[in-house]
Amino acid sequence: MTESVFQPPNGESEAQQALNLEQRLPLTGWQQEVEQGLAYGLEAAESIQDRTIPTFSRGELPHYAGINTFMKAPYVEDARKIGDYDVAIVGVPHDSGTTYRPGTRFGPQGIRRISALYTPYNFEMGVDLREQITLGDVGDIFTIPANNEKSFDQISKGIAHIFSSGAFPIILGGDHSIGFPTVRGICRHLGDKKVGIIHFDRHVDTQETDLDERMHTCPWFHATNMANAPAKNLVQLGIGGWQVPRQGVKVCRERATNILTVTDITEMGLDAAADFAIERATDGTDCVWISFDIDCIDAGFVPGTGWPEPGGLLPREALYLLKRIIRETPVCGMEVVEVSPPYDISDMTSLMATRVICDTMAHLVVSGQLPRREKPSYIHAEAQVVDQPWR
């Protein structure tokens, strides 16, 4: 019996392609980081043979040392300068919209801490973020404990500032109540343009109120009240299980949002599901917002979340859907929410969130959306009022 040999469909394996792609990547960013580290961190002791190592840790290495910005990106203390970067990481440590298990206020800390485990280089994609884009961490928005509405106002103002600067916003949540004020911040600088929302989740999050307030079960009711974010362009992937309130289901039916369950996705296939999401989210819109609730992934992989629900997407499935969507739509920003480190095990949920963010940036590079040579045409300099005060 002859031994079977793997033959890639295109004649070249993914691994071989990756080896070839790496050869074309520059080392300029790494060299600049080494030079800056030596200038700021002083030259190493005489016994150190590798003279690229400074006395004080600066930059990527060692992974266990240094200040916890996301992937050890520069801390942009002056928020007025965030437009100097291609990507802006911002934390939103808010969990006053949580209706059961609090702790997502520590999500930004948890994600930043474990992000040090990653390098800026991805093997399969042949992307080195340090070489191909500039990444800045602007820190956290000052949210107000126990006051959702004041926190929402702070969040919308902060996201509007980042979005209008031209930097690509990536938000570290926080509970999912922040979905409404983040989209509101985007819409303030869309003029007459429209945004489609692709929402990864196990829960619909479309109630008007929960416990008499706008909680983490409510963002899309209020976001789709805004003319810039039509309900027909809200796509919800992975919905299902025993934690979907009927009040929210009624709203989805009335507003004709677009829902696929995990069973829908697996039976129709990942590519068909991605096609569905892309078609519905981009129908008549100018850009797409990604809202990624970490609990869309099966609870066995992401225990550190407030409402874990078994039966969700597998990590590979979620990452593949994300790849197709980001590479084929004009993405204007994203948020990763509901990471709750107090319930996590070995940082695995925070690590999954980090993977989602890093993959997103890489797909934006591969698709030519980053770095931006100019501000996208859908970003308007002047702010506008997009919703009415809520009572």
# chains A, B, ... in the order shown; residues from 1 in each chain; ligands from 1
$ residues_around --residues "Ala15 of chain A" --least-positions-apart "2" --cutoff "12 Å" --atoms "only C-alpha atoms" --output "number ranges by chain"
A: 8, 11-13, 17-22, 122-126
$ select_by_dssp --residues "segment 213-331 of chain A" --states "alpha helix (DSSP H)" --output "ChimeraX atom specification"
/A:219-223,246-255,262-268,270-282,315-328
$ closest_atom_pairs --of "segment 91-202 of chain A" --to "segment 49-61 of chain A" --cutoff "12 Å" --atoms "only C-alpha atoms" --output "tab-separated table"
residue	atom	partner	partner_atom	distance
A:Ser115	CA	A:Glu60	CA	10.7
A:Ala116	CA	A:Glu60	CA	7.6
A:Leu117	CA	A:Glu60	CA	9.4
A:Tyr118	CA	A:Glu60	CA	9.1
A:Thr119	CA	A:Glu60	CA	7.5
A:Pro120	CA	A:Glu60	CA	8.9
A:Tyr121	CA	A:Glu60	CA	11.7
A:Arg130	CA	A:Glu60	CA	10.1
$ residues_around --residues "segment 148-158 of chain A" --least-positions-apart "6" --cutoff "7 Å" --atoms "only C-alpha atoms" --output "count of residues only"
9
$ atom_distance --atom1 "atom CA of Gly240 of chain A" --atom2 "atom CA of Pro315 of chain A"
16.8 Å
$ atom_distance --atom1 "atom CA of Gly139 of chain A" --atom2 "atom CA of Val90 of chain A"
5.4 Å
$ residues_around --residues "Gly173 of chain A" --least-positions-apart "2" --cutoff "6 Å" --atoms "only C-alpha atoms" --output "NGL selection string"
:A and (92 or 107 or 175 or 336-337)
$ write_last_selection --atoms "all heavy atoms" --output "compact mmCIF listing (two decimals), in the first residue's frame"
# COMPACT_ATOMS: atom_id res chain seq x y z
N VAL A 92 -12.70 50.57 27.90
CA VAL A 92 -13.94 51.09 28.48
C VAL A 92 -14.30 50.20 29.67
O VAL A 92 -15.05 49.24 29.55
CB VAL A 92 -15.09 51.12 27.45
CG1 VAL A 92 -16.35 51.70 28.08
CG2 VAL A 92 -14.69 51.96 26.23
N GLY A 107 -12.04 43.98 32.35
CA GLY A 107 -11.72 43.42 31.05
C GLY A 107 -10.53 44.08 30.36
O GLY A 107 -9.62 43.39 29.88
N ASP A 175 -18.93 45.76 29.68
CA ASP A 175 -20.10 44.96 29.35
C ASP A 175 -20.72 45.49 28.05
O ASP A 175 -20.32 46.54 27.52
CB ASP A 175 -21.10 44.93 30.51
CG ASP A 175 -21.78 46.27 30.76
OD1 ASP A 175 -22.30 46.88 29.81
OD2 ASP A 175 -21.83 46.72 31.93
N VAL A 336 -14.61 44.63 21.55
CA VAL A 336 -14.65 43.28 22.12
C VAL A 336 -15.13 43.44 23.56
O VAL A 336 -14.49 44.14 24.35
CB VAL A 336 -13.28 42.60 22.07
CG1 VAL A 336 -13.35 41.22 22.70
CG2 VAL A 336 -12.78 42.50 20.64
N VAL A 337 -16.26 42.81 23.87
CA VAL A 337 -16.92 43.06 25.15
C VAL A 337 -17.16 41.78 25.93
O VAL A 337 -17.02 40.68 25.42
CB VAL A 337 -18.27 43.79 24.93
CG1 VAL A 337 -18.06 45.14 24.24
CG2 VAL A 337 -19.23 42.93 24.12
